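Colleague: Let me give you the structure first, and then I'll get to my questions.
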Amino acid sequence: MKLRTKIPLMLVPLIVLSLLGLGWFAYVQLRESSEQRMFGEMQLLLDHLREHMETHIDTARGNVELLSKQTLVKKYILTKDEGERYTLLQAPLLRLFSAYQEAFPEYYEFRIFLPDGYEDVRLTRPFIENVNDEEGGSELFGALQSAGDGVYTSIFRNPDNQKISLFAGKKLKLVDPSVDPVGAAPRLRGYVGVTIDMNELESLVNHHVITDGGYLFVTDLEGNVYFQSATRPVGDTIADSIARAVRLDGESQAQPLLMTVNGEPVFIAASALLGDLNAYAVLPEKELREISDQLAIAVAAITLFTILATMFSIMIVIEHQVIRPINRVRILAREIGSGNLSVRVNRSNASEEIGELTTAFEDMAGSLQRSNQQIHFLAYHDALTGLPNRTMFKDFLDRSIEDASRHDQMLAMLFLDLDDFKQINDTMGHQVGDVLLQKIAERLSRVLRKNDFIVQDQVSSEPNQTLARLGGDEFIVLLPDIQDKFAPGIVAERLIDLVTKPIAIDEHDCNVSASIGITIYPTDGSTADELIKHADIAMYHAKDKGKNAYEYFEGSMNIAAQERAKLEKRLRIALEQDQFELHYQPQVRGTTQEIAGLEALLRWRHPEDGLIPPNEFIPLAEKSGLILPIGEWVIHEACRQARTWQKTGLLIDLISVNVSSIQLARQDVATILREALAESQLPPECLEIEITESAIMSDPDSAVSLLDEIKSIGVTIALDDFGTGYSSLSYLRRFPIDTLKIDRDFVREIDEKTADAEIVGAITAMAHTLELRVVVEGIERETQLQIALDRKCDFVQGFLFCAPLPASEMTALLADRRLRFA
Amino acid sequence: MFAKTAGKATLGLALLLLIVTEKPAYGTSQQRELVLLNWSEYMDPELITAFEQRHNIKFRETFYESDDLRDEMLIATEGTAADLVIVNGAMVDTYRKRAWLADATVEQIPNLEHIDSKWLQAFDGVEGYAVPYFWGTLGIAYRSDLVTTPPQSWLDLFRPAEELRGQIAMLSSQRDILGMALKALGHSANSADNQQIKEATEVLLAQRPYVKSYTYMVLDENSSIVTGDVAMAMMFSGDALMLQEYNEDIHYVVPSEGGNLWVDYLVVMKSSNNKDLAYAFIDFLNQPENAARLAEYVYYATPNLAAEKLLSSEFLEDPVIYPDKQTLSRCEAYKPLVPRAVKTRNTSMARLKNLH
């Protein structure tokens, strides 16, 4: 169920029930008050009638009393002579009556009766024909006669006009001063009477309606109807039954009485009026119910309206305050779910819970987006330099090739490799190497940018110049849509210049150079792999040609690469088929010229190609990792040979073996040495390993522990090619080194350059203070030897004494115990 | 002729006088006052002045405009409203019976010897109590310039031409109105026949819409018949002649059916404290030269035979003042009626007046 339905479903019963309760309460209250009001209205009407009657009768009494006191009336009635009465007094009396009538228009008949009932004076207005002026026998006159001395009133039906009228009359009891003695009792002389119409009461009864069905009527005490509603005449029968049921006895009835009249339940209120009349107000119960019903409908309508209005308001409030914000959150969530992480929604009130939720969702989307970008970046970029990595570059290159193929364009790829980076790494450490790579990457990408070569990491964009790092010190630049084959060369030159500029690292200036291989699509390959491979080959070609240069790929380079692969294959075979052999070169003690030791040197004797020089296969062996098994074989073979010589009585003090930095990094050299020593039974002190500076400088701490372990075996350690790298004397103290072998570069022209001789002398002096032996190799001439000896070098090595010789020849030489010059 | 002051007698004025006369006003200077209840313009002021000077008294007139109102005044005061009253012959006996009247004989009034005795026989109760004042007729006054045809019959007044609607003036006394209506219908003005009275009443009710007023007309230039508001009126002969002085187009006619021959009498009220002066005044008026002068003033025929001799032939030959015998023979004097007839007439009149 949706919230839009659920919230109203929870609220509506509460509201509806409370409003219904309120409505019911209001209805009951209103119904009661309206009933009371209706009853009150009935009572009020009756009171009004009664008051009217009282006033009417009181006024009539007062006027008749007044009239009876009028001199003219008295004179008239005291004038016994009929003629005199009529001739002299009647006209003025009539005028008096007329004056009264002017003041009281409802007094329509004025009369003077003689004691016998003769109607002596009569004035009517409007004129009413007199039916009979002998009233002596009439009921009214009888009543008047038998009434007291006060004003007599009676409601009667006037026989002259058949109208229900009020009669007010009074006996005229007078003393005739002209005849009677003083103090005589007044005697009845006649009567004065006024007949008053009851139009006002009649009209009240006629026209007063309580409700449509309610009515009034007035009866005499016998229940004869005198006045009744003009629109709803009650009729004699019903009036009679009502009058019978409601006994008033001159009292006013307190509460309306419910009774059935004519089969219909009605409320009846009644009141006794002055003049022996009873007034009844009738209200059908149905009417009251109708009023209640109307009230109920009104209250129900109001309640319903209120409910609807309230519900409508609630719906609007819920819709605006809850549903819509929630929907926005839902849309937001769906958008986020479908990957649109940059979505934003409108919200009216961020401080609300839903607003906060929306904000949280958006924040989450933002975080997700950043994470995604990070992941994407990591997947497609090089962590060190931030450049696109190989994966991304391959993707991009594939697309670029497709584009170029489609548009018949050329594109170029520049494969850049730093020259001798390995050496920098070896001598200055990986951290420096990494910084260097970063700086170069920065430089390259900056210059590419400066020349509008945009670094592309958005694969969706139009292909453009792209710089990527493939790994190690290899960078690659893609130049799409080139116009000719010379353009990439120009770019390559600029890049080389850029790299060649000194780079400051830790306050030192490093000088590096780069070699670049260039391939062009479609001439140099049709696939990304082919183009990269060929560019690689071209780069090597550039290196072979002396580095710090660029080369376009050509077919021969491809062949050279194939040759290299073949060589690698042959190397494996050589290892398997024991095509390697060790040649030995003696190290001669400077002071005695005796052979102090032998350096074992690796040689490859190919069955068909003959002896292959080490520089042709060692780098390849190192690159391919074949150096490891080969190096291990070398150690074992050297130990075995040395022991063999010792067994045959040939005195071999020391045999030196070259250990590559790759071996040190990737092999447990100490174990290999122990095994070889154990296997050959060669005393450890007879074995010396030669390592290069770069091999230990890349990770000095682990190198120290490794060398300490080797030293603990008893094997001595020589530092080879000393003087070309850091050549720092401080670390010589840290490492457990026994021998320094000065690089042959210092020796080559030692007899011609005094500086070199001085360097050799300084190194030797310094080494001696550290109690290190110093070996000078590459002595080819006598002059060289002499200088070396002058400089107190401990051992010398070189062709001057002996070329490296195979074991068999060396055996003979050792047996002879003499060297050529010894 | 000299200018006359207008006298307006209304009910209100009558009531006022009623109060005044209840306490007879003696002058502060012990000057006696003689009060006469009279019609307006029915006394020569110069004669009054002369009388006042002769007796060093104050003479005051109180006016009434109809017999009924005069009666009412006197009833209210039981005859004490005045010292002297001018009353129509028919009522003298009623007043006498009411014991309101003092004697009026030649002993008290020597000049009564000049009075034609026939006027003392004319009504019951007159002789010894009332002194004839003037006599005249009741007829129709009309504006010859305002009516198409001069009235001949009472019916011309009671059933007037349509053009005269609202231009009819009537007197207000029952006997005059009903009496003349009866005569118009060919009955006696003294009819006691209920049916005839009823018919006459119908005539009057029918005439009512044409009637401008039921009042005694003032007798000066403001009179409505002078101004032309009224074109035809029931009027006493002398009054018509008096008004004629203001407008020559006013004419008087005794209708063919005959009118009322009336005689007015001077009576001295029994309750008067000035009876000596009252007698003296009546005697003064009946000196032949004074009586003649008064007749010429009021344009009525005098019952004073000695005065008649002093009157001009022109006056004596005026048919309005002295109608010919034929006319007089058609005229009726009012006779006392049987009481029930009076009652019937009163009721009819009340009905007529109640329609106001």
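Order determines the names: the first chain of the structure tokens is A, the second B, and so forth; residues in each chain are numbered 1 upward, and ligands are numbered 1 upward as they are shown.
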Compile a residue-level contact table for chain B against chain A at a cut-off of 9 Å, reporting for every qualifying residue the shortest atom pair and its distance in Å to one decimal, with only C-alpha atoms counted, rows ordered by chain and ascending number, as a tab-separated table.

Modeller:
residue	atom	partner	partner_atom	distance
B:Asp68	CA	A:Ala91	CA	6.9
B:Leu69	CA	A:Pro92	CA	7.7
B:Asp71	CA	A:Leu88	CA	6.4
B:Glu72	CA	A:Pro92	CA	5.6
B:Ile75	CA	A:Leu89	CA	7.4
B:Ala76	CA	A:Leu72	CA	7.1
B:Met91	CA	A:Leu88	CA	8.3
B:Thr94	CA	A:Glu84	CA	6.2
B:Tyr95	CA	A:Leu88	CA	8.5
B:Lys97	CA	A:Glu84	CA	8.0
B:Arg98	CA	A:Glu84	CA	7.9
B:Gln174	CA	A:Ala91	CA	8.6
B:Pro336	CA	A:Thr87	CA	8.8
B:Leu337	CA	A:Gly83	CA	8.0
B:Val338	CA	A:Gly83	CA	6.9
B:Pro339	CA	A:Gly83	CA	4.4
B:Arg340	CA	A:Tyr86	CA	7.7
B:Ala341	CA	A:Tyr86	CA	8.8
B:Val342	CA	A:Tyr86	CA	5.8
B:Lys343	CA	A:Tyr86	CA	5.5
B:Asn346	CA	A:Ala91	CA	5.9
B:Thr347	CA	A:Leu123	CA	6.9
B:Met349	CA	A:Ala91	CA	8.3
B:Ala350	CA	A:Leu94	CA	6.4
B:Arg351	CA	A:Phe127	CA	6.5
B:Lys353	CA	A:Ser98	CA	8.8
B:Asn354	CA	A:Ser98	CA	6.8
B:Leu355	CA	A:Pro126	CA	8.1

Colleague: When DSSP works through the backbone of this structure, what residues of region 336-562 of chain A end up as helix (DSSP H, G or I), shown as a ChimeraX atom specification?

Modeller: /A:336-337,353-380,390-407,421-428,430-450,487-500,528-544,555-562

Colleague: Residues within 8 Å of Met234 (chain B), please, as a list of chain:residue names. Count only C-alpha atoms; anything in the same chain fewer than 6 positions from it doesn't count.

Modeller: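 The residues that qualify are B:Leu138, B:Gly139, B:Ile140, B:Ala141, B:Leu157, B:Ala169, B:Met170, B:Leu171.
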
Colleague: Report, in Å with one decimal, the straight-line distance from CA of Arg324 (chain A) to CA of Ser338 (chain A).

Modeller: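 Here the two named atoms are 20.5 Å from each other.
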
Colleague: CA of Asn247 (chain B) and CA of Trp262 (chain B), how far apart in Å?

Modeller: 25.3 Å

Colleague: Which value, in Å to one decimal, gives the distance between CA of Tyr540 (chain A) and CA of Ser515 (chain A)?

Modeller: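 So the two atoms, CA of Tyr540 (chain A) and CA of Ser515 (chain A), lie 7.7 Å apart.
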
Colleague: If you count only C-alpha atoms, which residues fall within 9 Å of region 794-809 of chain A, apart from same-chain ones fewer than 6 positions away, as a PyMOL selection string?

Modeller: chain A and resi 581-591+593+596+599-601+641+764+773-782+785+788+819-821

Colleague: Take the residues that were just selected and, keeping C-alpha atoms, output them as a short mmCIF file (atom, residue, chain, number, x, y, z; two decimals), in the first residue's frame.

Modeller:
data_model
loop_
_atom_site.label_atom_id
_atom_site.label_comp_id
_atom_site.auth_asym_id
_atom_site.auth_seq_id
_atom_site.Cartn_x
_atom_site.Cartn_y
_atom_site.Cartn_z
CA GLU A 581 82.42 -22.84 -19.65
CA LEU A 582 84.55 -20.82 -17.26
CA HIS A 583 87.76 -19.13 -18.22
CA TYR A 584 90.10 -17.93 -15.52
CA GLN A 585 92.31 -14.92 -15.27
CA PRO A 586 94.92 -14.68 -12.62
CA GLN A 587 95.18 -11.91 -10.06
CA VAL A 588 98.81 -11.21 -9.43
CA ARG A 589 100.24 -10.00 -6.14
CA GLY A 590 101.90 -6.73 -6.94
CA THR A 591 104.85 -7.13 -4.63
CA GLN A 593 104.33 -11.06 -8.96
CA ALA A 596 97.37 -14.83 -5.79
CA GLU A 599 88.77 -14.63 -11.45
CA ALA A 600 86.31 -17.01 -13.04
CA LEU A 601 84.81 -15.54 -16.21
CA GLN A 641 87.35 -26.43 -10.38
CA THR A 764 94.16 2.64 -2.85
CA ARG A 773 92.73 -5.06 -0.60
CA VAL A 774 92.83 -3.21 -3.89
CA VAL A 775 92.75 -4.92 -7.23
CA VAL A 776 93.47 -3.11 -10.48
CA GLU A 777 92.26 -4.85 -13.57
CA GLY A 778 92.70 -4.21 -17.26
CA ILE A 779 96.54 -3.89 -17.04
CA GLU A 780 97.66 -4.37 -20.55
CA ARG A 781 100.87 -2.43 -20.62
CA GLU A 782 104.02 -2.32 -18.51
CA LEU A 785 101.53 -1.91 -14.22
CA ALA A 788 99.62 0.65 -10.30
CA LEU A 819 103.95 -16.77 -15.56
CA ARG A 820 105.45 -15.45 -18.66
CA PHE A 821 107.44 -12.82 -16.88
#

Colleague: Show which residues sit within 12 Å of Ala291 (chain B), as a PDB file with N, CA and C atoms, in the first residue's frame. Count only C-alpha atoms, and ignore same-chain residues fewer than 2 positions away.

Modeller:
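See part-v7.pdb below for the written result:
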ATOM      1  N   MET B  43     -76.152  90.603  14.641  1.00  0.00           N
ATOM      2  CA  MET B  43     -76.400  91.721  15.561  1.00  0.00           C
ATOM      3  C   MET B  43     -75.622  92.929  15.078  1.00  0.00           C
ATOM      4  N   ASP B  44     -76.240  94.088  15.202  1.00  0.00           N
ATOM      5  CA  ASP B  44     -75.554  95.315  14.763  1.00  0.00           C
ATOM      6  C   ASP B  44     -74.631  95.796  15.862  1.00  0.00           C
ATOM      7  N   LEU B  47     -75.452  99.140  17.628  1.00  0.00           N
ATOM      8  CA  LEU B  47     -76.524  99.088  18.618  1.00  0.00           C
ATOM      9  C   LEU B  47     -75.972  98.593  19.950  1.00  0.00           C
ATOM     10  N   ASN B 111     -91.651  97.180  24.964  1.00  0.00           N
ATOM     11  CA  ASN B 111     -91.721  97.272  23.497  1.00  0.00           C
ATOM     12  C   ASN B 111     -92.285  96.036  22.821  1.00  0.00           C
ATOM     13  N   LEU B 112     -92.614  95.040  23.618  1.00  0.00           N
ATOM     14  CA  LEU B 112     -93.227  93.844  23.029  1.00  0.00           C
ATOM     15  C   LEU B 112     -94.558  94.189  22.359  1.00  0.00           C
ATOM     16  N   HIS B 114     -95.048  96.230  20.164  1.00  0.00           N
ATOM     17  CA  HIS B 114     -94.847  96.434  18.715  1.00  0.00           C
ATOM     18  C   HIS B 114     -94.807  95.120  17.949  1.00  0.00           C
ATOM     19  N   ILE B 115     -94.643  94.023  18.630  1.00  0.00           N
ATOM     20  CA  ILE B 115     -94.462  92.717  17.955  1.00  0.00           C
ATOM     21  C   ILE B 115     -95.781  92.182  17.422  1.00  0.00           C
ATOM     22  N   PRO B 132     -89.920  87.322  19.562  1.00  0.00           N
ATOM     23  CA  PRO B 132     -89.517  87.110  18.161  1.00  0.00           C
ATOM     24  C   PRO B 132     -88.409  88.088  17.764  1.00  0.00           C
ATOM     25  N   TYR B 133     -87.422  87.573  17.043  1.00  0.00           N
ATOM     26  CA  TYR B 133     -86.252  88.382  16.675  1.00  0.00           C
ATOM     27  C   TYR B 133     -86.355  88.731  15.197  1.00  0.00           C
ATOM     28  N   PHE B 134     -86.221  87.713  14.385  1.00  0.00           N
ATOM     29  CA  PHE B 134     -86.407  87.907  12.945  1.00  0.00           C
ATOM     30  C   PHE B 134     -87.019  86.649  12.390  1.00  0.00           C
ATOM     31  N   PHE B 281     -82.125  95.000  27.273  1.00  0.00           N
ATOM     32  CA  PHE B 281     -81.519  94.869  25.935  1.00  0.00           C
ATOM     33  C   PHE B 281     -82.581  94.505  24.896  1.00  0.00           C
ATOM     34  N   ILE B 282     -83.462  93.550  25.248  1.00  0.00           N
ATOM     35  CA  ILE B 282     -84.505  93.156  24.313  1.00  0.00           C
ATOM     36  C   ILE B 282     -85.441  94.361  24.030  1.00  0.00           C
ATOM     37  N   ASP B 283     -85.717  95.081  25.086  1.00  0.00           N
ATOM     38  CA  ASP B 283     -86.571  96.249  24.920  1.00  0.00           C
ATOM     39  C   ASP B 283     -85.919  97.283  24.025  1.00  0.00           C
ATOM     40  N   PHE B 284     -84.578  97.426  24.260  1.00  0.00           N
ATOM     41  CA  PHE B 284     -83.776  98.344  23.440  1.00  0.00           C
ATOM     42  C   PHE B 284     -83.830  97.954  21.975  1.00  0.00           C
ATOM     43  N   LEU B 285     -83.718  96.686  21.733  1.00  0.00           N
ATOM     44  CA  LEU B 285     -83.724  96.218  20.342  1.00  0.00           C
ATOM     45  C   LEU B 285     -85.099  96.420  19.689  1.00  0.00           C
ATOM     46  N   ASN B 286     -86.138  96.407  20.512  1.00  0.00           N
ATOM     47  CA  ASN B 286     -87.460  96.510  19.945  1.00  0.00           C
ATOM     48  C   ASN B 286     -88.005  97.925  19.888  1.00  0.00           C
ATOM     49  N   GLN B 287     -87.161  98.889  20.220  1.00  0.00           N
ATOM     50  CA  GLN B 287     -87.543 100.256  19.902  1.00  0.00           C
ATOM     51  C   GLN B 287     -87.637 100.326  18.388  1.00  0.00           C
ATOM     52  N   PRO B 288     -88.706 100.848  17.858  1.00  0.00           N
ATOM     53  CA  PRO B 288     -88.957 100.740  16.407  1.00  0.00           C
ATOM     54  C   PRO B 288     -87.762 101.141  15.543  1.00  0.00           C
ATOM     55  N   GLU B 289     -87.127 102.238  15.887  1.00  0.00           N
ATOM     56  CA  GLU B 289     -86.007 102.679  15.032  1.00  0.00           C
ATOM     57  C   GLU B 289     -84.828 101.714  15.100  1.00  0.00           C
ATOM     58  N   ARG B 293     -83.376  99.436  12.055  1.00  0.00           N
ATOM     59  CA  ARG B 293     -81.937  99.502  11.756  1.00  0.00           C
ATOM     60  C   ARG B 293     -81.305  98.109  11.740  1.00  0.00           C
ATOM     61  N   LEU B 294     -81.684  97.329  12.723  1.00  0.00           N
ATOM     62  CA  LEU B 294     -81.145  95.972  12.823  1.00  0.00           C
ATOM     63  C   LEU B 294     -81.583  95.106  11.638  1.00  0.00           C
ATOM     64  N   ALA B 295     -82.850  95.297  11.242  1.00  0.00           N
ATOM     65  CA  ALA B 295     -83.360  94.521  10.106  1.00  0.00           C
ATOM     66  C   ALA B 295     -82.553  94.802   8.861  1.00  0.00           C
ATOM     67  N   GLU B 296     -82.266  96.069   8.672  1.00  0.00           N
ATOM     68  CA  GLU B 296     -81.487  96.425   7.483  1.00  0.00           C
ATOM     69  C   GLU B 296     -80.058  95.898   7.580  1.00  0.00           C
ATOM     70  N   TYR B 297     -79.630  95.781   8.829  1.00  0.00           N
ATOM     71  CA  TYR B 297     -78.273  95.260   9.000  1.00  0.00           C
ATOM     72  C   TYR B 297     -78.200  93.778   8.670  1.00  0.00           C
ATOM     73  N   VAL B 298     -79.190  93.010   9.135  1.00  0.00           N
ATOM     74  CA  VAL B 298     -79.119  91.557   8.959  1.00  0.00           C
ATOM     75  C   VAL B 298     -79.886  91.042   7.741  1.00  0.00           C
ATOM     76  N   TYR B 299     -80.587  91.926   7.062  1.00  0.00           N
ATOM     77  CA  TYR B 299     -81.362  91.576   5.860  1.00  0.00           C
ATOM     78  C   TYR B 299     -82.478  90.571   6.136  1.00  0.00           C
ATOM     79  N   TYR B 300     -83.065  90.655   7.321  1.00  0.00           N
ATOM     80  CA  TYR B 300     -84.175  89.746   7.606  1.00  0.00           C
ATOM     81  C   TYR B 300     -85.419  90.567   7.942  1.00  0.00           C
ATOM     82  N   ALA B 301     -86.490  89.883   7.810  1.00  0.00           N
ATOM     83  CA  ALA B 301     -87.781  90.540   8.063  1.00  0.00           C
ATOM     84  C   ALA B 301     -88.031  90.648   9.560  1.00  0.00           C
ATOM     85  N   THR B 302     -88.433  91.808  10.012  1.00  0.00           N
ATOM     86  CA  THR B 302     -88.613  92.014  11.433  1.00  0.00           C
ATOM     87  C   THR B 302     -90.077  91.743  11.825  1.00  0.00           C
ATOM     88  N   PRO B 303     -90.266  91.162  13.006  1.00  0.00           N
ATOM     89  CA  PRO B 303     -91.633  90.955  13.462  1.00  0.00           C
ATOM     90  C   PRO B 303     -92.216  92.222  14.142  1.00  0.00           C
ATOM     91  N   ASN B 304     -91.364  93.248  14.217  1.00  0.00           N
ATOM     92  CA  ASN B 304     -91.754  94.485  14.885  1.00  0.00           C
ATOM     93  C   ASN B 304     -92.544  95.346  13.907  1.00  0.00           C
ATOM     94  N   LEU B 305     -93.802  95.465  14.184  1.00  0.00           N
ATOM     95  CA  LEU B 305     -94.682  96.158  13.245  1.00  0.00           C
ATOM     96  C   LEU B 305     -94.364  97.645  13.173  1.00  0.00           C
ATOM     97  N   ALA B 306     -93.977  98.192  14.301  1.00  0.00           N
ATOM     98  CA  ALA B 306     -93.652  99.623  14.326  1.00  0.00           C
ATOM     99  C   ALA B 306     -92.406  99.901  13.511  1.00  0.00           C
ATOM    100  N   ALA B 307     -91.494  98.953  13.593  1.00  0.00           N
ATOM    101  CA  ALA B 307     -90.237  99.091  12.824  1.00  0.00           C
ATOM    102  C   ALA B 307     -90.484  98.950  11.335  1.00  0.00           C
ATOM    103  N   GLU B 308     -91.380  98.050  11.024  1.00  0.00           N
ATOM    104  CA  GLU B 308     -91.693  97.798   9.606  1.00  0.00           C
ATOM    105  C   GLU B 308     -92.083  99.094   8.884  1.00  0.00           C
ATOM    106  N   LYS B 309     -92.762  99.927   9.644  1.00  0.00           N
ATOM    107  CA  LYS B 309     -93.213 101.183   9.054  1.00  0.00           C
ATOM    108  C   LYS B 309     -92.061 102.102   8.749  1.00  0.00           C
ATOM    109  N   LEU B 310     -90.998 101.891   9.423  1.00  0.00           N
ATOM    110  CA  LEU B 310     -89.831 102.740   9.243  1.00  0.00           C
ATOM    111  C   LEU B 310     -88.928 102.257   8.105  1.00  0.00           C
ATOM    112  N   LEU B 311     -89.184 101.065   7.657  1.00  0.00           N
ATOM    113  CA  LEU B 311     -88.300 100.456   6.638  1.00  0.00           C
ATOM    114  C   LEU B 311     -88.629 100.982   5.251  1.00  0.00           C
TER     115      LEU B 311
END

Colleague: For Thr344 (chain B), work out the shell of residues within 9 Å, counting only C-alpha atoms and skipping chain neighbours fewer than 6 positions away, then give it as a CSV table (one decimal) with N, CA and C atoms, in the first residue's frame.

Modeller:
chain,number,residue,atom,x,y,z
B,192,ALA,N,-92.5,62.2,10.2
B,192,ALA,CA,-92.0,61.3,11.2
B,192,ALA,C,-92.0,59.9,10.7
B,194,ASN,N,-90.7,56.7,9.2
B,194,ASN,CA,-89.3,56.1,9.2
B,194,ASN,C,-88.9,55.9,7.7
B,197,ILE,N,-87.9,59.1,6.2
B,197,ILE,CA,-86.6,59.6,6.8
B,197,ILE,C,-85.5,58.8,6.2
B,198,LYS,N,-85.7,57.5,6.0
B,198,LYS,CA,-84.7,56.6,5.5
B,198,LYS,C,-84.4,57.0,4.0

Colleague: May I ask which of the residues B:Asn290, B:Thr149, B:Gln108, B:Thr137 is the closest one to Lys275 (chain B), counting only C-alpha atoms?

Modeller: B:Gln108

Colleague: Pick out the residues sitting within 10 Å of Phe51 (chain B), and hand them over as a list in words; count only C-alpha atoms, and ignore anything fewer than 5 positions along from it in its own chain.

Modeller: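 So, after excluding close chain neighbours, the residues are Pro45, Glu46, Asn56, Ile57, Lys58, Phe59, Leu277, Ala280, Phe281, Phe284 and Leu285 of chain B.
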